[in-house]
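**Q** Data: model_16.txt, compact mmCIF, C-alpha atoms.
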# COMPACT_ATOMS: atom_id res chain seq x y z
CA MET A 29 -113.30 -125.92 -42.06
CA LYS A 30 -113.41 -124.79 -45.69
CA GLN A 31 -110.36 -125.53 -47.81
CA ARG A 32 -109.23 -124.56 -51.29
CA GLY A 33 -109.50 -127.03 -54.13
CA ARG A 34 -113.24 -127.72 -53.68
CA HIS A 35 -114.00 -127.75 -57.43
CA ARG A 36 -111.26 -130.31 -58.02
CA ARG A 37 -112.65 -132.42 -55.17
CA GLN A 38 -116.18 -132.18 -56.52
CA LYS A 39 -114.95 -133.63 -59.83
CA ARG A 40 -113.24 -136.46 -57.94
CA GLY A 41 -116.45 -136.97 -55.97
CA ARG A 42 -118.51 -137.28 -59.16
CA ALA A 43 -116.02 -139.80 -60.56
CA LEU A 44 -116.11 -141.79 -57.34
CA ARG A 45 -119.93 -141.84 -57.34
CA ALA A 46 -119.92 -143.11 -60.92
CA PHE A 47 -117.46 -145.82 -59.98
CA LEU A 48 -119.47 -146.89 -56.93
CA ALA A 49 -122.72 -146.98 -58.89
CA GLY A 50 -121.32 -149.64 -61.21
CA THR A 51 -119.37 -151.62 -58.62
CA ALA A 52 -120.47 -154.38 -56.22
CA LEU A 53 -118.34 -156.56 -54.00
CA ALA A 54 -118.01 -160.24 -54.83
CA LEU A 55 -119.06 -161.79 -51.52
CA THR A 56 -119.22 -165.38 -50.38
CA ALA A 57 -122.44 -167.36 -50.29
CA ALA A 58 -122.49 -166.94 -46.53
CA ALA A 59 -122.75 -163.18 -46.97
CA THR A 60 -125.19 -163.10 -49.88
CA MET A 61 -127.80 -165.72 -49.08
CA ILE A 62 -130.37 -166.22 -46.34
CA SER A 63 -131.52 -169.68 -45.44
CA ALA A 64 -135.18 -170.52 -45.15
CA SER A 65 -134.82 -170.67 -41.38
CA GLN A 66 -133.60 -167.05 -41.34
CA ALA A 67 -136.21 -165.68 -43.73
CA THR A 68 -138.72 -163.44 -41.98
CA VAL A 69 -141.01 -160.64 -43.02
CA SER A 70 -141.11 -157.84 -40.44
CA LYS A 71 -144.41 -156.26 -39.53
CA ASP A 72 -145.01 -153.04 -41.45
CA PRO A 73 -144.72 -150.13 -38.96
CA GLY A 74 -146.58 -147.72 -41.24
CA GLY A 75 -145.89 -144.00 -41.53
CA LEU A 76 -144.33 -141.71 -38.94
CA LYS A 77 -146.55 -139.86 -36.46
CA THR A 78 -145.63 -136.25 -35.72
CA LEU A 79 -145.10 -135.34 -32.05
CA ALA A 80 -144.82 -132.02 -30.26
CA ALA A 81 -141.15 -131.13 -30.67
CA SER A 82 -141.19 -128.55 -27.89
CA ALA A 83 -142.02 -131.18 -25.27
CA ARG A 84 -139.58 -131.45 -22.36
CA GLU A 85 -139.10 -135.12 -23.14
CA PHE A 86 -136.54 -134.17 -25.83
CA ARG A 87 -134.55 -131.49 -24.00
CA LEU A 88 -130.82 -131.77 -23.30
CA ARG A 89 -128.93 -129.64 -20.79
CA GLU A 90 -125.52 -128.44 -21.94
CA GLN A 91 -122.61 -128.69 -19.51
CA LEU A 92 -119.35 -127.34 -20.93
CA VAL A 93 -116.00 -128.05 -19.28
CA PRO A 94 -114.52 -124.76 -17.99
CA GLN A 95 -111.89 -123.31 -20.31
CA ALA A 96 -109.48 -123.09 -17.39
CA THR A 97 -109.74 -126.87 -16.94
CA LEU A 98 -108.92 -127.55 -20.60
CA ASP A 99 -106.07 -125.03 -20.54
CA ARG A 100 -104.57 -126.59 -17.41
CA LEU A 101 -104.66 -130.05 -19.00
CA ALA A 102 -103.05 -128.76 -22.19
CA SER A 103 -100.41 -126.95 -20.16
CA GLU A 104 -99.55 -130.19 -18.34
CA MET A 105 -99.69 -132.51 -21.38
CA GLY A 106 -98.37 -130.23 -24.09
CA ARG A 107 -99.89 -128.32 -26.97
CA PRO A 108 -102.91 -130.14 -28.49
CA VAL A 109 -102.74 -131.44 -32.05
CA GLY A 110 -105.35 -131.93 -34.77
CA VAL A 111 -106.62 -134.71 -37.00
CA ARG A 112 -103.77 -134.48 -39.49
CA ALA A 113 -101.14 -135.21 -36.84
CA VAL A 114 -103.08 -138.29 -35.73
CA LEU A 115 -103.41 -139.57 -39.31
CA ASP A 116 -99.68 -139.12 -39.85
CA ASP A 117 -99.17 -141.65 -37.04
CA ALA A 118 -101.41 -144.35 -38.58
CA ASP A 119 -99.85 -147.72 -37.73
CA HIS A 120 -102.61 -150.27 -38.55
CA SER A 121 -104.32 -151.34 -41.77
CA LEU A 122 -107.85 -152.48 -42.52
CA ARG A 123 -108.11 -155.65 -44.61
CA ALA A 124 -109.90 -156.13 -47.94
CA PRO A 125 -112.90 -158.56 -48.08
CA ALA A 126 -110.82 -161.34 -49.63
CA ASP A 127 -108.66 -161.31 -46.50
CA CYS A 128 -111.62 -161.34 -44.08
CA THR A 129 -113.08 -164.52 -42.63
CA THR A 130 -116.33 -166.02 -43.88
CA ALA A 131 -117.89 -165.36 -40.49
CA ASP A 132 -116.90 -161.69 -40.69
CA ARG A 133 -118.29 -161.26 -44.21
CA ALA A 134 -121.56 -162.88 -43.16
CA ALA A 135 -122.30 -159.74 -41.14
CA LEU A 136 -122.56 -157.64 -44.32
CA PRO A 137 -125.95 -156.68 -45.78
CA VAL A 138 -127.51 -159.27 -48.07
CA GLU A 139 -129.49 -156.73 -50.09
CA PRO A 140 -128.41 -154.26 -51.23
CA ALA A 141 -124.79 -155.40 -51.37
CA ALA A 142 -121.95 -153.29 -50.02
CA THR A 143 -119.80 -151.66 -52.69
CA ARG A 144 -116.88 -151.21 -50.31
CA ALA A 145 -116.02 -153.28 -47.25
CA TYR A 146 -113.09 -153.78 -44.90
CA CYS A 147 -112.46 -155.81 -41.77
CA TRP A 148 -110.53 -154.99 -38.64
CA ASP A 149 -107.68 -157.09 -37.34
CA ALA A 150 -109.23 -159.47 -34.77
CA ALA A 151 -106.17 -159.17 -32.53
CA ASP A 152 -106.52 -155.38 -32.52
CA THR A 153 -110.22 -155.48 -31.56
CA ARG A 154 -110.40 -158.53 -29.26
CA GLY A 155 -112.56 -157.72 -26.24
CA TRP A 156 -113.85 -154.50 -27.82
CA ARG A 157 -117.40 -153.94 -29.14
CA PRO A 158 -117.87 -151.94 -32.34
CA GLY A 159 -120.11 -148.94 -32.05
CA ALA A 160 -120.67 -145.92 -34.24
CA VAL A 161 -119.22 -144.51 -37.47
CA THR A 162 -118.94 -140.94 -38.76
CA THR A 163 -116.90 -139.36 -41.55
CA SER A 164 -115.36 -136.16 -42.86
CA GLY A 165 -118.45 -136.10 -45.08
CA ASP A 166 -120.30 -135.12 -41.88
CA ALA A 167 -117.59 -132.72 -40.78
CA ASP A 168 -117.56 -130.59 -43.94
CA ASP A 169 -119.79 -130.52 -46.99
CA ASP A 170 -116.88 -130.99 -49.40
CA GLY A 171 -116.23 -134.39 -47.80
CA HIS A 172 -112.72 -133.57 -46.61
CA TRP A 173 -111.03 -132.46 -43.42
CA GLY A 174 -108.17 -130.35 -44.69
CA GLU A 175 -106.79 -132.42 -47.57
CA HIS A 176 -107.92 -135.78 -46.19
CA ARG A 177 -110.90 -138.09 -46.41
CA VAL A 178 -111.36 -139.47 -42.89
CA LEU A 179 -113.47 -142.12 -41.16
CA LEU A 180 -113.96 -142.28 -37.39
CA SER A 181 -115.00 -145.59 -35.81
CA GLY A 182 -116.00 -145.87 -32.15
CA TRP A 183 -115.43 -148.95 -29.95
CA ALA A 184 -116.06 -149.78 -26.28
CA HIS A 185 -114.64 -152.21 -23.71
CA SER A 186 -116.56 -153.26 -20.62
CA GLY A 187 -113.49 -153.65 -18.43
CA ARG A 188 -112.30 -156.64 -16.39
CA ALA A 189 -112.68 -157.67 -12.76
CA GLY A 190 -114.68 -154.63 -11.76
CA ALA A 191 -112.42 -152.18 -13.61
CA PRO A 192 -114.23 -149.30 -15.38
CA GLY A 193 -114.90 -149.66 -19.08
CA LEU A 194 -113.15 -147.69 -21.82
CA ALA A 195 -114.06 -146.19 -25.17
CA ARG A 196 -111.81 -145.38 -28.11
CA VAL A 197 -111.98 -144.01 -31.65
CA ALA A 198 -110.08 -145.19 -34.72
CA PHE A 199 -108.91 -142.32 -36.94
CA VAL A 200 -108.93 -143.85 -40.42
CA ASP A 201 -107.09 -142.27 -43.36
CA ALA A 202 -109.47 -143.01 -46.27
CA ASP A 203 -107.63 -141.12 -49.02
CA ASP A 204 -106.76 -144.38 -50.80
CA PRO A 205 -109.82 -146.69 -50.96
CA ASP A 206 -107.49 -149.66 -51.51
CA ASN A 207 -105.36 -148.92 -48.45
CA LEU A 208 -107.20 -147.70 -45.36
CA VAL A 209 -104.82 -147.10 -42.45
CA TYR A 210 -105.64 -145.98 -38.92
CA THR A 211 -104.55 -145.37 -35.36
CA TRP A 212 -106.43 -145.16 -32.05
CA ALA A 213 -107.27 -142.35 -29.65
CA LEU A 214 -108.73 -142.96 -26.19
CA LEU A 215 -111.88 -141.04 -25.23
CA ALA A 216 -111.48 -139.40 -21.84
CA VAL A 217 -113.11 -136.96 -19.41
CA PRO A 218 -111.06 -134.29 -17.56
CA VAL A 219 -111.19 -134.49 -13.75
CA ASP A 220 -109.75 -132.53 -10.82
CA GLY A 221 -109.88 -129.24 -12.69
CA GLY A 222 -107.74 -130.52 -15.54
CA ARG A 223 -105.02 -132.03 -13.38
CA ASP A 224 -105.98 -135.52 -14.58
CA TYR A 225 -108.43 -137.41 -16.78
CA ARG A 226 -110.34 -140.69 -16.64
CA GLY A 227 -111.46 -142.97 -19.43
CA LEU A 228 -114.98 -142.64 -20.82
CA ALA A 229 -116.61 -145.65 -19.16
CA SER A 230 -119.54 -146.25 -21.50
CA ALA A 231 -120.62 -148.02 -24.65
CA VAL A 232 -120.56 -145.88 -27.81
CA SER A 233 -123.79 -146.28 -29.77
CA GLY A 234 -123.71 -143.16 -31.95
CA MET A 235 -121.22 -140.56 -33.22
CA THR A 236 -121.46 -137.46 -35.38
CA TRP A 237 -118.52 -135.30 -36.45
CA TYR A 238 -119.72 -131.81 -37.30
CA GLN A 239 -117.28 -129.01 -38.05
CA GLY A 240 -114.63 -129.38 -35.34
CA LYS A 241 -116.74 -131.25 -32.80
CA LEU A 242 -117.37 -134.97 -32.28
CA LEU A 243 -120.65 -135.83 -30.52
CA VAL A 244 -120.70 -139.27 -28.90
CA THR A 245 -123.75 -140.99 -27.39
CA THR A 246 -123.21 -142.72 -24.08
CA ALA A 247 -125.30 -144.28 -21.32
CA ASP A 248 -126.02 -140.87 -19.79
CA GLY A 249 -126.29 -138.53 -22.78
CA LEU A 250 -123.96 -136.98 -25.36
CA TYR A 251 -120.29 -136.19 -24.78
CA VAL A 252 -118.59 -133.52 -26.90
CA TYR A 253 -114.98 -133.70 -28.13
CA ASP A 254 -112.98 -131.02 -29.93
CA LEU A 255 -110.92 -132.52 -32.76
CA HIS A 256 -108.57 -129.54 -32.57
CA ARG A 257 -107.73 -130.59 -28.99
CA VAL A 258 -106.22 -134.06 -29.34
CA GLN A 259 -103.56 -134.65 -26.69
CA ARG A 260 -100.48 -136.85 -27.04
CA ALA A 261 -99.85 -139.53 -24.43
CA THR A 262 -96.27 -139.60 -23.15
CA VAL A 263 -96.14 -142.93 -21.30
CA ASP A 264 -96.89 -146.31 -22.91
CA SER A 265 -98.76 -148.28 -20.25
CA GLY A 266 -102.13 -149.88 -19.62
CA GLN A 267 -103.09 -147.15 -17.17
CA VAL A 268 -105.23 -144.10 -17.90
CA GLY A 269 -104.45 -140.55 -16.82
CA LYS A 270 -101.53 -139.01 -14.98
CA VAL A 271 -98.87 -141.59 -14.10
CA PRO A 272 -95.27 -141.42 -12.88
CA GLY A 273 -93.28 -139.87 -15.72
CA GLY A 274 -96.18 -138.36 -17.64
CA TRP A 275 -99.56 -139.29 -19.13
CA SER A 276 -100.93 -142.64 -20.22
CA ALA A 277 -103.87 -143.55 -22.50
CA HIS A 278 -104.15 -147.34 -22.09
CA GLY A 279 -101.25 -147.87 -24.48
CA TYR A 280 -102.54 -145.52 -27.20
CA ARG A 281 -100.59 -142.55 -28.51
CA TYR A 282 -103.45 -140.10 -28.37
CA VAL A 283 -106.26 -139.14 -26.01
CA LEU A 284 -109.34 -136.97 -26.59
CA PRO A 285 -110.50 -135.12 -23.45
CA ALA A 286 -114.19 -134.17 -23.48
CA ILE A 287 -114.98 -130.46 -23.66
CA GLY A 288 -118.59 -130.86 -22.56
CA SER A 289 -121.73 -132.97 -22.47
CA TYR A 290 -125.48 -132.88 -23.04
CA ARG A 291 -127.57 -134.63 -20.41
CA PRO A 292 -131.29 -135.43 -20.83
CA ALA A 293 -133.58 -133.33 -18.68
CA ALA A 294 -135.54 -135.20 -16.01
CA GLY A 295 -137.79 -137.71 -17.76
CA ALA A 296 -136.43 -136.84 -21.22
CA ALA A 297 -135.57 -139.38 -23.91
CA ARG A 298 -131.92 -140.47 -24.15
CA PRO A 299 -130.37 -140.44 -27.64
CA GLU A 300 -129.17 -143.95 -28.55
CA ALA A 301 -128.30 -143.38 -32.22
CA ILE A 302 -127.47 -140.08 -33.92
CA SER A 303 -126.44 -138.83 -37.36
CA LEU A 304 -126.13 -135.62 -39.37
CA ASP A 305 -128.78 -134.45 -41.83
CA ARG A 306 -127.40 -132.06 -44.47
CA SER A 307 -130.72 -131.93 -46.34
CA THR A 308 -132.17 -129.47 -43.82
CA ALA A 309 -131.44 -125.75 -43.70
CA PRO A 310 -129.45 -125.35 -41.58
CA ASP A 311 -127.87 -128.78 -41.01
CA SER A 312 -129.36 -130.72 -38.10
CA LEU A 313 -128.57 -133.56 -35.72
CA VAL A 314 -131.10 -136.42 -35.75
CA ALA A 315 -131.55 -138.87 -32.89
CA SER A 316 -133.47 -141.99 -31.94
CA GLU A 317 -133.95 -143.94 -28.76
CA ARG A 318 -133.78 -147.73 -28.51
CA VAL A 319 -137.05 -149.35 -27.46
CA PRO A 320 -137.14 -153.17 -27.01
CA SER A 321 -139.71 -154.98 -29.13
CA ASP A 322 -141.42 -156.38 -26.01
CA SER A 323 -141.74 -153.00 -24.25
CA GLY A 324 -145.25 -152.25 -25.49
CA ARG A 325 -144.35 -148.71 -26.59
CA HIS A 326 -143.20 -146.97 -29.74
CA THR A 327 -139.84 -145.40 -30.64
CA ARG A 328 -139.33 -141.63 -30.70
CA LEU A 329 -137.23 -139.85 -33.36
CA TRP A 330 -136.25 -136.20 -33.18
CA ARG A 331 -133.80 -133.57 -34.38
CA TYR A 332 -131.80 -130.63 -32.98
CA ALA A 333 -130.47 -127.47 -34.60
CA PHE A 334 -126.78 -126.58 -34.40
CA SER A 335 -125.71 -123.22 -33.01
CA ALA A 336 -125.34 -120.37 -35.52
CA ASP A 337 -122.78 -118.65 -33.27
CA PRO A 338 -119.29 -118.98 -34.87
CA ALA A 339 -117.82 -119.20 -31.36
CA ARG A 340 -119.97 -122.31 -30.77
CA ALA A 341 -119.34 -124.07 -34.08
CA GLY A 342 -120.38 -127.73 -33.85
CA LEU A 343 -122.34 -127.29 -30.63
CA LEU A 344 -126.13 -127.52 -30.37
CA ALA A 345 -128.33 -124.44 -30.27
CA THR A 346 -129.38 -123.76 -26.67
CA ASP A 347 -131.69 -121.30 -24.91
CA ALA A 348 -130.84 -118.90 -22.07
CA ALA A 349 -131.10 -121.79 -19.60
CA GLY A 350 -128.49 -123.81 -21.52
CA GLU A 351 -131.00 -126.35 -22.86
CA ALA A 352 -131.24 -127.74 -26.40
CA SER A 353 -134.79 -128.39 -27.60
CA ALA A 354 -135.91 -130.57 -30.48
CA THR A 355 -137.04 -128.79 -33.64
CA ARG A 356 -139.01 -131.79 -34.97
CA ALA A 357 -140.14 -135.05 -33.36
CA TYR A 358 -141.87 -138.21 -34.55
CA GLU A 359 -143.00 -141.61 -33.36
CA THR A 360 -142.50 -144.92 -35.15
CA LYS A 361 -143.71 -148.45 -34.49
CA THR A 362 -140.25 -149.73 -35.45
CA THR A 363 -138.48 -151.04 -32.33
CA ASP A 364 -134.90 -152.08 -31.50
CA VAL A 365 -133.53 -149.22 -33.60
CA THR A 366 -129.72 -149.22 -33.55
CA GLY A 367 -129.05 -146.73 -36.33
CA VAL A 368 -130.87 -143.66 -37.66
CA LEU A 369 -130.48 -141.55 -40.78
CA SER A 370 -132.66 -138.75 -42.15
CA TYR A 371 -132.43 -137.26 -45.63
CA GLY A 372 -135.12 -135.24 -47.35
CA SER A 373 -138.53 -136.46 -46.18
CA ASN A 374 -137.28 -139.99 -45.45
CA TRP A 375 -135.96 -141.63 -42.29
CA TYR A 376 -133.85 -144.81 -42.49
CA LEU A 377 -133.91 -147.03 -39.41
CA ASP A 378 -131.81 -150.08 -38.55
CA HIS A 379 -133.98 -152.69 -36.85
CA ALA A 380 -131.68 -155.12 -35.05
CA ALA A 381 -131.83 -158.86 -35.73
CA ASN A 382 -133.91 -160.87 -33.27
CA ARG A 383 -131.14 -163.44 -32.79
CA PRO A 384 -127.31 -163.26 -32.73
CA ALA A 385 -126.70 -165.00 -36.07
CA GLY A 386 -129.59 -163.33 -37.90
CA HIS A 387 -129.81 -160.29 -40.16
CA GLY A 388 -131.58 -157.06 -39.32
CA THR A 389 -134.09 -155.01 -41.32
CA LEU A 390 -133.55 -151.58 -42.82
CA TRP A 391 -136.75 -149.52 -42.95
CA ARG A 392 -137.34 -146.31 -44.88
CA GLN A 393 -140.17 -144.35 -43.32
CA ASN A 394 -141.89 -141.03 -43.92
CA SER A 395 -145.23 -139.52 -42.98
CA ARG A 396 -147.05 -141.70 -45.53
CA ASP A 397 -145.69 -145.23 -45.28
CA ALA A 398 -142.78 -147.56 -44.51
CA ARG A 399 -140.78 -149.82 -46.80
CA ALA A 400 -138.05 -152.36 -46.11
CA THR A 401 -135.37 -153.88 -48.29
CA GLN A 402 -136.26 -157.40 -49.49
CA CYS A 403 -134.14 -160.37 -50.48
CA GLY A 404 -134.72 -163.94 -51.61
CA THR A 405 -137.71 -165.48 -53.35
CA ASP A 406 -139.73 -165.48 -50.11
CA GLU A 407 -139.67 -161.65 -49.85
CA SER A 408 -137.76 -161.71 -46.58
CA THR A 409 -136.99 -158.35 -45.02
CA SER A 410 -134.10 -159.73 -42.91
CA CYS A 411 -131.63 -158.39 -45.44
CA TRP A 412 -129.58 -155.79 -43.59
CA SER A 413 -126.34 -156.29 -41.68
CA GLY A 414 -126.00 -159.03 -39.10
CA ARG A 415 -125.35 -156.78 -36.13
CA ALA A 416 -126.87 -153.50 -37.24
CA GLY A 417 -125.00 -150.36 -36.31
CA SER A 418 -125.03 -146.62 -36.80
CA LEU A 419 -125.59 -144.98 -40.19
CA SER A 420 -123.66 -142.05 -41.64
CA TYR A 421 -124.41 -140.46 -45.03
CA TRP A 422 -121.45 -139.03 -46.96
CA GLU A 423 -123.38 -136.60 -49.14
CA GLU A 424 -120.43 -135.71 -51.40
CA THR A 425 -120.07 -139.32 -52.59
CA GLY A 426 -123.65 -140.50 -52.04
CA GLU A 427 -122.50 -143.32 -49.73
CA VAL A 428 -123.98 -144.63 -46.50
CA TRP A 429 -121.34 -145.94 -44.08
CA SER A 430 -122.00 -148.41 -41.29
CA GLN A 431 -120.30 -151.07 -39.21
CA SER A 432 -121.34 -154.61 -38.30
CA GLY A 433 -119.16 -156.86 -36.21
CA GLN A 434 -115.65 -156.75 -37.66
CA MET A 435 -116.85 -155.23 -40.95
CA LEU A 436 -116.75 -151.55 -41.91
CA TYR A 437 -118.65 -150.99 -45.14
CA ALA A 438 -120.32 -148.53 -47.49
CA LEU A 439 -122.97 -148.56 -50.20
CA PRO A 440 -124.82 -145.88 -52.20
CA LEU A 441 -128.01 -144.47 -50.70
CA SER A 442 -129.48 -144.80 -54.19
CA SER A 443 -129.01 -148.59 -54.08
CA ILE A 444 -130.87 -148.72 -50.75
CA ASP A 445 -133.79 -146.80 -52.26
CA ARG A 446 -133.85 -149.10 -55.32
CA SER A 447 -133.97 -152.20 -53.14
CA LEU A 448 -137.00 -151.13 -51.11
CA SER A 449 -140.16 -153.19 -51.57
Show me this structure written as structure tokens.

**A**
Amino acid sequence: MKQRGRHRRQKRGRALRAFLAGTALALTAAATMISASQATVSKDPGGLKTLAASAREFRLREQLVPQATLDRLASEMGRPVGVRAVLDDADHSLRAPADCTTADRAALPVEPAATRAYCWDAADTRGWRPGAVTTSGDADDDGHWGEHRVLLSGWAHSGRAGAPGLARVAFVDADDPDNLVYTWALLAVPVDGGRDYRGLASAVSGMTWYQGKLLVTTADGLYVYDLHRVQRATVDSGQVGKVPGGWSAHGYRYVLPAIGSYRPAAGAARPEAISLDRSTAPDSLVASERVPSDSGRHTRLWRYAFSADPARAGLLATDAAGEASATRAYETKTTDVTGVLSYGSNWYLDHAANRPAGHGTLWRQNSRDARATQCGTDESTSCWSGRAGSLSYWEETGEVWSQSGQMLYALPLSSIDRSLS
């Protein structure tokens, strides 16, 4: 989605990068120090090992929702809207660090420090688990979607008393860094040929917004959403789908019906975390699985190419059988990976904390070696966010965005590289 005014935006981007490079948040002692009991030095995983990318263990089978199903749903619900219409309905605000609790701020990285951070309203997120983050920096290389800077934040709810879980996405208007406002859209899956929809009953561990498509990792693969096909709910109730008098989205104004999915082939690895890599030609989707530290096996990392067909913009490249194959694959000794980022020859991996109140480790790995951020006089590597989450690189501004607990935050990739041991 290319828009006019790119040169003007590039100048603003350079100014913003200069501002971020000289700015650091003043955080409380709880968010900037690690006690001796927390200080640990993670075992060096060494360099990445190259695997055979063509192996079936990385293949995904594409299953697109029939166009007739999507058209029937749109005919019943009304003409779909786009991102701008959702942003115009923003009715919530994110809070600045000074207005966040000490416990919330403690989830931020210790080293390097976040240069921007915000917290969600606890009442608005109670019972929901934060998941992945992606931005308009993924969607388009000028960092904007139309005229807006946008953040998308995924959350999941496990449901109550046997009820199915739900997943939702916050559409955040990030045009004004001092005033981030947002509204919610429910993630859904069309059923009965487009005569109804159900909620997406899965945790959201990864998201990537590329061109007009939003890819979301779930317990059974990747779901695909078209951000030009956002539907308006017409009934305000706690139900989901077609109800007497119209359509309900668990009390939200908007609902995103899936347009397709990618399911792992038999025995294939399931993507747990994903992100966009704009340093490759063409752009690529990178993925990692999550392997527990006590499993006795290593973690696989891999990447997919996007389709070059304009009619399939934002979808993965597939063969005649409708399968997407990895173009590169690697193995790492890093386990419990909850976020993955690739840029140039380097991979950045979130290693989750080994206890609820601890801090995780951020590793940078390539084919030669591995390095982790360090903090404190004891050279601890437990310096990353408290509850590590997905990573998204906004190339236009040089920022890495992530989410931990109630905190949404950003920091320059350059500061991460400088902090590596």

**Q** Set the distance at 6 Å and use all atoms listed in the file: which residues neighbour stretch 182-188 of chain A once local chain neighbours fewer than 3 positions away are removed? I'd like the list as JSON, numbers by chain.

**A** {"A": [156, 157, 158, 159, 160, 191, 192, 193, 194, 195, 196, 197, 231]}

**Q** Those same residues, written as a PDB file, in the coordinates of the input with C-alpha atoms?

**A**
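Saved the output as selection.pdb:
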ATOM      1  CA  TRP A 156    -113.850-154.500 -27.820  1.00  0.00           C
ATOM      2  CA  ARG A 157    -117.400-153.940 -29.140  1.00  0.00           C
ATOM      3  CA  PRO A 158    -117.870-151.940 -32.340  1.00  0.00           C
ATOM      4  CA  GLY A 159    -120.110-148.940 -32.050  1.00  0.00           C
ATOM      5  CA  ALA A 160    -120.670-145.920 -34.240  1.00  0.00           C
ATOM      6  CA  ALA A 191    -112.420-152.180 -13.610  1.00  0.00           C
ATOM      7  CA  PRO A 192    -114.230-149.300 -15.380  1.00  0.00           C
ATOM      8  CA  GLY A 193    -114.900-149.660 -19.080  1.00  0.00           C
ATOM      9  CA  LEU A 194    -113.150-147.690 -21.820  1.00  0.00           C
ATOM     10  CA  ALA A 195    -114.060-146.190 -25.170  1.00  0.00           C
ATOM     11  CA  ARG A 196    -111.810-145.380 -28.110  1.00  0.00           C
ATOM     12  CA  VAL A 197    -111.980-144.010 -31.650  1.00  0.00           C
ATOM     13  CA  ALA A 231    -120.620-148.020 -24.650  1.00  0.00           C
TER      14      ALA A 231
END

**Q** Residues of stretch 276-385 of chain A within 12 Å of stretch 438-443 of chain A: nearest atom pair and distance (Å, one decimal) for each, counting all atoms listed in the file, sorted by chain and number, as a Markdown table?

**A**
| residue | atom | partner | partner_atom | distance |
| --- | --- | --- | --- | --- |
| A:Leu369 | CA | A:Leu441 | CA | 10.6 |
| A:Ser370 | CA | A:Leu441 | CA | 11.3 |
| A:Tyr371 | CA | A:Leu441 | CA | 9.9 |
| A:Asn374 | CA | A:Leu441 | CA | 11.6 |
| A:Trp375 | CA | A:Leu441 | CA | 11.9 |
| A:Tyr376 | CA | A:Leu441 | CA | 10.1 |

**Q** Nearest residue to A:Ala286 out of A:Ala141, A:Leu329, A:Cys411, A:Leu98, using all atoms listed in the file?

**A**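 Comparing A:Ala141, A:Leu329, A:Cys411, A:Leu98 against A:Ala286, the winner is A:Leu98.
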
**Q** What is the atom CA of A:Ala380 to atom CA of A:Tyr421 distance in Å?

**A**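 Computing it gives 19.2 Å between the two atoms.
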
**Q** I need the residue nearest A:Glu427 from this list: A:Val319, A:Leu344, A:Ala142, A:Ala118. Use only C-alpha atoms for the distance.

**A**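 Once distances to A:Glu427 are computed over only C-alpha atoms, the minimum belongs to A:Ala142.
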
**Q** Counting all atoms listed in the file, figure out which residue out of A:Gly414, A:Pro125, A:Pro285, A:Gly110 gets nearest to A:Cys147.

**A**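 Of the candidates, the smallest distance to A:Cys147 is held by A:Pro125.
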
**Q** With distances taken over all atoms listed in the file, which of A:Arg399, A:Arg144, A:Arg331, A:Arg298 is nearest to A:Tyr437?

**A**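 Closest to A:Tyr437, using all atoms listed in the file: A:Arg144.
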
**Q** Just the number, please: distance in Å from atom CA of A:Gln259 to atom CA of A:Pro218, one decimal.

**A** 11.8 Å
